[in-house]
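Engineer: For reference, the structure I am asking about is given below.
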Number of protein chains: 2
Amino acid sequence: MAKPGLTQARAPLTQDIETVNERGERSLVAIPAERPLTIYVDKRELVTLMTLGAHPEWLVIGYLRNQRFVSSLGEIESVTVDWEVGSAAVKTRSGIADIEERTSRRVVTTGCGQGSVFGGLMDEIESIALPPAAISQGQLYAIVNAIRLQESTYKSAGSVHGCALFRGDQMLLFVEDVGRHNAIDTIAGWLWLQQQDGALATDTSSFVFYTTGRLTSEMVIKSAQMGVPVAISRSGITQMGHAIAQRLGLCAIGRATGRHFLCYTAHERLVLQPELAPAAPLRAIA
Amino acid sequence: MAKPGLTQARAPLTQDIETVNERGERSLVAIPAERPLTIYVDKRELVTLMTLGAHPEWLVIGYLRNQRFVSSLGEIESVTVDWEVGSAAVKTRSGIADIEERTSRRVVTTGCGQGSVFGGLMDEIESIALPPAAISQGQLYAIVNAIRLQESTYKSAGSVHGCALFRGDQMLLFVEDVGRHNAIDTIAGWLWLQQQDGALATDTSSFVFYTTGRLTSEMVIKSAQMGVPVAISRSGITQMGHAIAQRLGLCAIGRATGRHFLCYTAHERLVLQPELAPAAPLRAIA
């Protein structure tokens, strides 16, 4: 299968702005970049994403995949990103069927970031079968620690969400964006390209998805769409995220910082090693 | 002008789920509710919002206002929310002009929450003139403290964004939602109703908007649409949020916790009282 032709567009990820603090001191502070990227499919305007802009080509591919505009990489001939005009021109080999009809229904969701899932995505949940897989408490701690050590735009400028894909406790890719849906779409696009190359196997049973943001319905669905059976968050979970993870049998773990966490769903996928946990807090005897 | 007829639909704001922690202990933990609310305008499906559901009628009115589907409350005859089916039926007095055309362009944005601004909103920025107004450092501290003391779904269940509207340092309304765009739209809807009633003046020069989330472009625009010239965040600012606040002369203040903050834009609107600031950290003399 022919590989899509991709540009490698680059743009600055932060910008310095002048601030005044509580002591009246002026200083330059870095904030994350945020730029519009309008996706055109065969010269038809599809959508404008607001993005940090680190990996726009992977983002576009992941977006098209997660919104199910394409079902195979072979459908994409090229993605040409031009930051001068904020455009991503996608050329397909034979068009996208029903693109008019498929963009007509709108669901506006909770998540940070892209927020919009075109109609019908929820219907597809039933068709997803996740591989049987487990995560051990030690592996979870290793993942949380790897994230802690990761250099990031967040550390220099704040105000971005981070996502990462792990195999076992090995970090495969770390992506940040002003919208975390862009971050997971970028991971999805990258993974797809890797799998087509044969650089990564299609077996995702040992894969783990990490996000700094909440586990909303969309984050859970997108993790499942990649075939990743475990999703970890520094933050919590929403009711729809919980309901969908439960239905999919996806192991959703939140509040993961240091050696603390809460496993929300598919508890059977978590191999507890309570001996690794910090000591329980002392309780006063009444 | 006739007041719109509104239901007062209510639904539980949290749900208890079973969790397992790092010591293998099972416990019930509250998570925020998240329910779809499909808005129908004169029986035409417009959009589905995912919301906590605390004030759906205000949310719908604020959404229609902020997306500029209506320019006057008098255009809305009634909003009928039915949680049984997750619907909000809006009846207008004489229809919404060009609704087809106005829903055809999509911009998917960064923010948590609704995320989508229908095309053309950015074009309107130039027409917004904010009232001349300032905020003092003492007032800022009082606002941050009022938020700290506020009882909230966040404190009981996490994973929601909070927004509030202040006049001076008096909190007028505090709203939470799984999406913070829903929270600010709810405030906008409530404010509009209050102003129609005469319960609040249309002069917004002493108003301040607070959000727990980042100051993205949409949060800044929506604050400005309410005529509120100061926006405060516990979090940071994105590049687009910064650019738009600068253009509007809106005073954007971030990283506001305790007695710390960073003023990002319209520094002239901030009346510094550095004597209220904590002492500067000691610096080693080289």
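Here, A, B, ... name the chains of the structure tokens in the order displayed, residue numbers run from 1 inside each chain, and ligands are numbered from 1 in the same displayed order.
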Could you name the residues that touch segment 64-75 of chain A at 6 Å or less, counting only C-alpha atoms, but leaving out those on the same chain fewer than 2 positions away, as a ChimeraX atom specification?
Structural biologist: /A:61-62,92-93
Engineer: List every residue of segment 38-70 of chain A that DSSP, applied to the backbone of this structure, assigns to strand (DSSP E or B), and report them as a PDB file with N, CA, C and O atoms, in the first residue's frame.
Structural biologist:
```
ATOM      1  N   THR A  38      -7.041  24.834   8.904  1.00  0.00           N
ATOM      2  CA  THR A  38      -8.257  24.477   8.164  1.00  0.00           C
ATOM      3  C   THR A  38      -7.960  23.288   7.256  1.00  0.00           C
ATOM      4  O   THR A  38      -7.037  23.339   6.448  1.00  0.00           O
ATOM      5  N   ILE A  39      -8.735  22.229   7.477  1.00  0.00           N
ATOM      6  CA  ILE A  39      -8.538  21.013   6.679  1.00  0.00           C
ATOM      7  C   ILE A  39      -9.418  21.073   5.435  1.00  0.00           C
ATOM      8  O   ILE A  39     -10.631  21.271   5.544  1.00  0.00           O
ATOM      9  N   TYR A  40      -8.785  20.923   4.301  1.00  0.00           N
ATOM     10  CA  TYR A  40      -9.501  20.820   3.032  1.00  0.00           C
ATOM     11  C   TYR A  40      -9.317  19.394   2.518  1.00  0.00           C
ATOM     12  O   TYR A  40      -8.188  18.907   2.455  1.00  0.00           O
ATOM     13  N   VAL A  41     -10.419  18.737   2.197  1.00  0.00           N
ATOM     14  CA  VAL A  41     -10.335  17.404   1.614  1.00  0.00           C
ATOM     15  C   VAL A  41     -10.711  17.522   0.144  1.00  0.00           C
ATOM     16  O   VAL A  41     -11.850  17.910  -0.181  1.00  0.00           O
ATOM     17  N   ARG A  44     -12.302  20.664  -0.681  1.00  0.00           N
ATOM     18  CA  ARG A  44     -13.546  21.011  -0.008  1.00  0.00           C
ATOM     19  C   ARG A  44     -13.211  21.307   1.461  1.00  0.00           C
ATOM     20  O   ARG A  44     -12.592  20.497   2.138  1.00  0.00           O
ATOM     21  N   GLU A  45     -13.634  22.470   1.957  1.00  0.00           N
ATOM     22  CA  GLU A  45     -13.330  22.839   3.346  1.00  0.00           C
ATOM     23  C   GLU A  45     -14.101  21.931   4.298  1.00  0.00           C
ATOM     24  O   GLU A  45     -15.321  21.792   4.192  1.00  0.00           O
ATOM     25  N   LEU A  46     -13.380  21.300   5.220  1.00  0.00           N
ATOM     26  CA  LEU A  46     -14.031  20.363   6.132  1.00  0.00           C
ATOM     27  C   LEU A  46     -14.214  20.977   7.510  1.00  0.00           C
ATOM     28  O   LEU A  46     -15.311  20.980   8.069  1.00  0.00           O
ATOM     29  N   VAL A  47     -13.142  21.491   8.103  1.00  0.00           N
ATOM     30  CA  VAL A  47     -13.212  21.927   9.486  1.00  0.00           C
ATOM     31  C   VAL A  47     -11.966  22.768   9.780  1.00  0.00           C
ATOM     32  O   VAL A  47     -10.947  22.648   9.101  1.00  0.00           O
ATOM     33  N   THR A  48     -12.067  23.631  10.790  1.00  0.00           N
ATOM     34  CA  THR A  48     -10.892  24.364  11.255  1.00  0.00           C
ATOM     35  C   THR A  48     -10.584  23.931  12.683  1.00  0.00           C
ATOM     36  O   THR A  48     -11.440  24.036  13.562  1.00  0.00           O
ATOM     37  N   LEU A  49      -9.384  23.405  12.893  1.00  0.00           N
ATOM     38  CA  LEU A  49      -8.948  23.022  14.234  1.00  0.00           C
ATOM     39  C   LEU A  49      -8.039  24.108  14.789  1.00  0.00           C
ATOM     40  O   LEU A  49      -7.246  24.698  14.056  1.00  0.00           O
ATOM     41  N   MET A  50      -8.136  24.386  16.099  1.00  0.00           N
ATOM     42  CA  MET A  50      -7.193  25.280  16.742  1.00  0.00           C
ATOM     43  C   MET A  50      -6.144  24.396  17.410  1.00  0.00           C
ATOM     44  O   MET A  50      -6.467  23.572  18.265  1.00  0.00           O
ATOM     45  N   THR A  51      -4.887  24.575  17.009  1.00  0.00           N
ATOM     46  CA  THR A  51      -3.873  23.624  17.469  1.00  0.00           C
ATOM     47  C   THR A  51      -2.558  24.294  17.850  1.00  0.00           C
ATOM     48  O   THR A  51      -2.245  25.380  17.361  1.00  0.00           O
TER      49      THR A  51
END
```
Engineer: Just the residues within 8 Å of segment 172-176 of chain A, please, counting only C-alpha atoms, with nothing from its chain fewer than 2 positions along; format it as a list in words.
Structural biologist: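 My reading of the contact set: Leu52, Ala54, Ser152, Thr153, Tyr154, Val160, His161, Gly162, Cys163, Ala164, Leu165, Phe166, Arg167, Gln170, Val178, Arg180, Ala183, Ile184, Thr186 and Ile187 of chain A.
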Engineer: Kindly save the residues from that selection, with all heavy atoms included, as a compact mmCIF listing (two decimals), in the first residue's frame.
Structural biologist:
```txt
# COMPACT_ATOMS: atom_id res chain seq x y z
N LEU A 52 -1.81 23.63 18.70
CA LEU A 52 -0.47 24.06 19.05
C LEU A 52 0.43 24.02 17.81
O LEU A 52 1.27 24.89 17.60
CB LEU A 52 0.09 23.13 20.14
CG LEU A 52 1.48 23.41 20.70
CD1 LEU A 52 1.49 24.70 21.51
CD2 LEU A 52 1.95 22.25 21.58
N ALA A 54 2.40 21.22 16.64
CA ALA A 54 3.66 20.48 16.68
C ALA A 54 3.73 19.43 15.56
O ALA A 54 4.79 19.25 14.95
CB ALA A 54 3.83 19.80 18.04
N SER A 152 8.53 19.19 28.40
CA SER A 152 7.27 19.50 27.74
C SER A 152 7.05 21.00 27.59
O SER A 152 7.63 21.81 28.30
CB SER A 152 6.11 18.91 28.55
OG SER A 152 6.06 19.53 29.82
N THR A 153 6.18 21.32 26.64
CA THR A 153 5.71 22.70 26.51
C THR A 153 4.95 23.10 27.76
O THR A 153 4.99 24.25 28.19
CB THR A 153 4.78 22.81 25.27
OG1 THR A 153 5.53 22.46 24.11
CG2 THR A 153 4.25 24.24 25.09
N TYR A 154 4.27 22.12 28.38
CA TYR A 154 3.53 22.41 29.61
C TYR A 154 4.47 22.98 30.67
O TYR A 154 4.14 23.95 31.34
CB TYR A 154 2.85 21.14 30.14
CG TYR A 154 2.05 21.41 31.40
CD1 TYR A 154 0.78 21.96 31.32
CD2 TYR A 154 2.57 21.13 32.66
CE1 TYR A 154 0.04 22.24 32.46
CE2 TYR A 154 1.85 21.40 33.81
CZ TYR A 154 0.59 21.95 33.70
OH TYR A 154 -0.14 22.22 34.84
N VAL A 160 -1.38 23.61 28.17
CA VAL A 160 -1.59 22.60 27.13
C VAL A 160 -1.90 21.27 27.81
O VAL A 160 -1.59 21.07 28.98
CB VAL A 160 -0.37 22.42 26.20
CG1 VAL A 160 -0.15 23.64 25.33
CG2 VAL A 160 0.88 22.08 27.00
N HIS A 161 -2.53 20.40 27.05
CA HIS A 161 -2.78 19.05 27.53
C HIS A 161 -1.75 18.11 26.92
O HIS A 161 -1.34 18.30 25.78
CB HIS A 161 -4.17 18.58 27.11
CG HIS A 161 -5.27 19.20 27.90
ND1 HIS A 161 -5.51 18.86 29.22
CD2 HIS A 161 -6.19 20.13 27.59
CE1 HIS A 161 -6.54 19.56 29.66
NE2 HIS A 161 -6.96 20.34 28.71
N GLY A 162 -1.34 17.13 27.69
CA GLY A 162 -0.41 16.14 27.19
C GLY A 162 -1.08 14.78 27.08
O GLY A 162 -1.93 14.43 27.89
N CYS A 163 -0.70 14.04 26.05
CA CYS A 163 -1.15 12.66 25.89
C CYS A 163 0.06 11.82 25.52
O CYS A 163 1.02 12.34 24.94
CB CYS A 163 -2.16 12.52 24.76
SG CYS A 163 -3.79 13.16 25.12
N ALA A 164 0.03 10.55 25.86
CA ALA A 164 1.13 9.69 25.48
C ALA A 164 0.63 8.28 25.22
O ALA A 164 -0.40 7.87 25.74
CB ALA A 164 2.20 9.67 26.58
N LEU A 165 1.40 7.59 24.38
CA LEU A 165 1.10 6.19 24.11
C LEU A 165 2.27 5.36 24.62
O LEU A 165 3.43 5.66 24.33
CB LEU A 165 0.91 5.97 22.60
CG LEU A 165 0.43 4.59 22.18
CD1 LEU A 165 -0.99 4.33 22.70
CD2 LEU A 165 0.46 4.46 20.66
N PHE A 166 1.95 4.34 25.41
CA PHE A 166 2.96 3.44 25.96
C PHE A 166 2.74 2.03 25.43
O PHE A 166 1.61 1.62 25.18
CB PHE A 166 2.86 3.40 27.50
CG PHE A 166 3.36 4.64 28.18
CD1 PHE A 166 2.55 5.76 28.31
CD2 PHE A 166 4.64 4.69 28.71
CE1 PHE A 166 3.00 6.91 28.95
CE2 PHE A 166 5.11 5.83 29.36
CZ PHE A 166 4.29 6.94 29.48
N ARG A 167 3.86 1.29 25.31
CA ARG A 167 3.76 -0.16 25.14
C ARG A 167 4.44 -0.75 26.35
O ARG A 167 5.64 -0.52 26.57
CB ARG A 167 4.45 -0.61 23.85
CG ARG A 167 4.29 -2.12 23.59
CD ARG A 167 4.81 -2.52 22.22
NE ARG A 167 6.13 -1.94 22.01
CZ ARG A 167 6.75 -1.90 20.82
NH1 ARG A 167 6.15 -2.38 19.75
NH2 ARG A 167 7.94 -1.36 20.70
N GLN A 170 7.06 1.40 28.27
CA GLN A 170 7.93 2.16 27.35
C GLN A 170 7.12 3.23 26.63
O GLN A 170 6.12 2.92 25.96
CB GLN A 170 8.54 1.19 26.34
CG GLN A 170 9.46 1.86 25.32
CD GLN A 170 9.56 1.07 24.01
OE1 GLN A 170 8.99 -0.01 23.87
NE2 GLN A 170 10.28 1.63 23.05
N VAL A 178 -3.00 22.43 22.56
CA VAL A 178 -3.92 23.27 23.32
C VAL A 178 -5.26 22.57 23.52
O VAL A 178 -5.98 22.84 24.47
CB VAL A 178 -4.10 24.66 22.67
CG1 VAL A 178 -2.93 25.56 23.01
CG2 VAL A 178 -4.27 24.56 21.17
N ARG A 180 -6.84 18.72 23.95
CA ARG A 180 -6.32 17.37 24.13
C ARG A 180 -6.90 16.40 23.11
O ARG A 180 -6.34 15.34 22.87
CB ARG A 180 -6.54 16.87 25.55
CG ARG A 180 -7.94 16.54 25.87
CD ARG A 180 -8.16 16.68 27.36
NE ARG A 180 -9.54 16.94 27.57
CZ ARG A 180 -10.38 16.08 28.13
NH1 ARG A 180 -9.93 14.96 28.62
NH2 ARG A 180 -11.64 16.37 28.24
N ALA A 183 -4.42 16.24 20.63
CA ALA A 183 -3.28 15.43 21.06
C ALA A 183 -3.54 13.95 20.80
O ALA A 183 -2.69 13.23 20.27
CB ALA A 183 -2.97 15.69 22.54
N ILE A 184 -4.73 13.47 21.16
CA ILE A 184 -4.99 12.03 20.95
C ILE A 184 -5.17 11.73 19.46
O ILE A 184 -4.74 10.68 18.98
CB ILE A 184 -6.17 11.51 21.80
CG1 ILE A 184 -6.26 9.98 21.73
CG2 ILE A 184 -7.49 12.13 21.42
CD1 ILE A 184 -7.22 9.35 22.72
N THR A 186 -3.54 13.17 17.13
CA THR A 186 -2.17 13.14 16.61
C THR A 186 -1.53 11.78 16.89
O THR A 186 -0.86 11.19 16.03
CB THR A 186 -1.34 14.27 17.26
OG1 THR A 186 -1.97 15.52 16.97
CG2 THR A 186 0.09 14.29 16.72
N ILE A 187 -1.76 11.28 18.09
CA ILE A 187 -1.24 9.94 18.43
C ILE A 187 -1.85 8.88 17.52
O ILE A 187 -1.16 8.00 17.01
CB ILE A 187 -1.50 9.62 19.92
CG1 ILE A 187 -0.55 10.45 20.79
CG2 ILE A 187 -1.35 8.12 20.19
CD1 ILE A 187 -0.72 10.24 22.28
```
Engineer: Write out as a list in words the residues lying within 6 Å of segment 230-236 of chain A, counting only C-alpha atoms and excluding same-chain residues fewer than 2 positions away.
Structural biologist: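 Listing them by chain and then by number gives Val208, Phe209, Tyr210, Thr211, Thr212, Gly213, Arg214, Val228, Leu250, Cys251, Ala252, Ile253, Gly254, Arg255 and Ala256 of chain A; Ser159 of chain B.
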Engineer: Can you tell me, as a PyMOL selection string, what residues are no more than 9 Å from segment 25-36 of chain A when counting only C-alpha atoms, ignoring any on the same chain fewer than 5 positions away?
Structural biologist: (chain A and resi 11-20+48-53+83+86-87+153-154+156-160+177-178) or (chain B and resi 107+109-110+236-242)
Engineer: For the structure I just gave you, how does DSSP split segment 121-200 of chain B - specifically, which residues are alpha helix (DSSP H)? Reply as a PyMOL selection string.
Structural biologist: chain B and resi 137-149+153-157+180-197
Engineer: Distance atom CA of Ile76 of chain A-atom CA of Ala88 of chain A, one decimal place?
Structural biologist: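 We find that atom CA of Ile76 of chain A and atom CA of Ala88 of chain A lie 12.7 Å from each other.
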Engineer: Could you check which of A:Ser206, A:Gln8, A:Gln246, A:Thr80 is closest to chain B, using only C-alpha atoms?
Structural biologist: A:Gln246
Engineer: From the options B:Ile125, B:Ala89, B:Tyr264, B:Ala146, which residue's atoms come nearest to Ile244 of chain B, counting only C-alpha atoms?
Structural biologist: B:Ile125
Engineer: Which distance in Å separates atom CA of Leu200 of chain B and atom CA of Gln139 of chain B, to one decimal?
Structural biologist: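 One can read the atom CA of Leu200 of chain B to atom CA of Gln139 of chain B distance as 20.1 Å.
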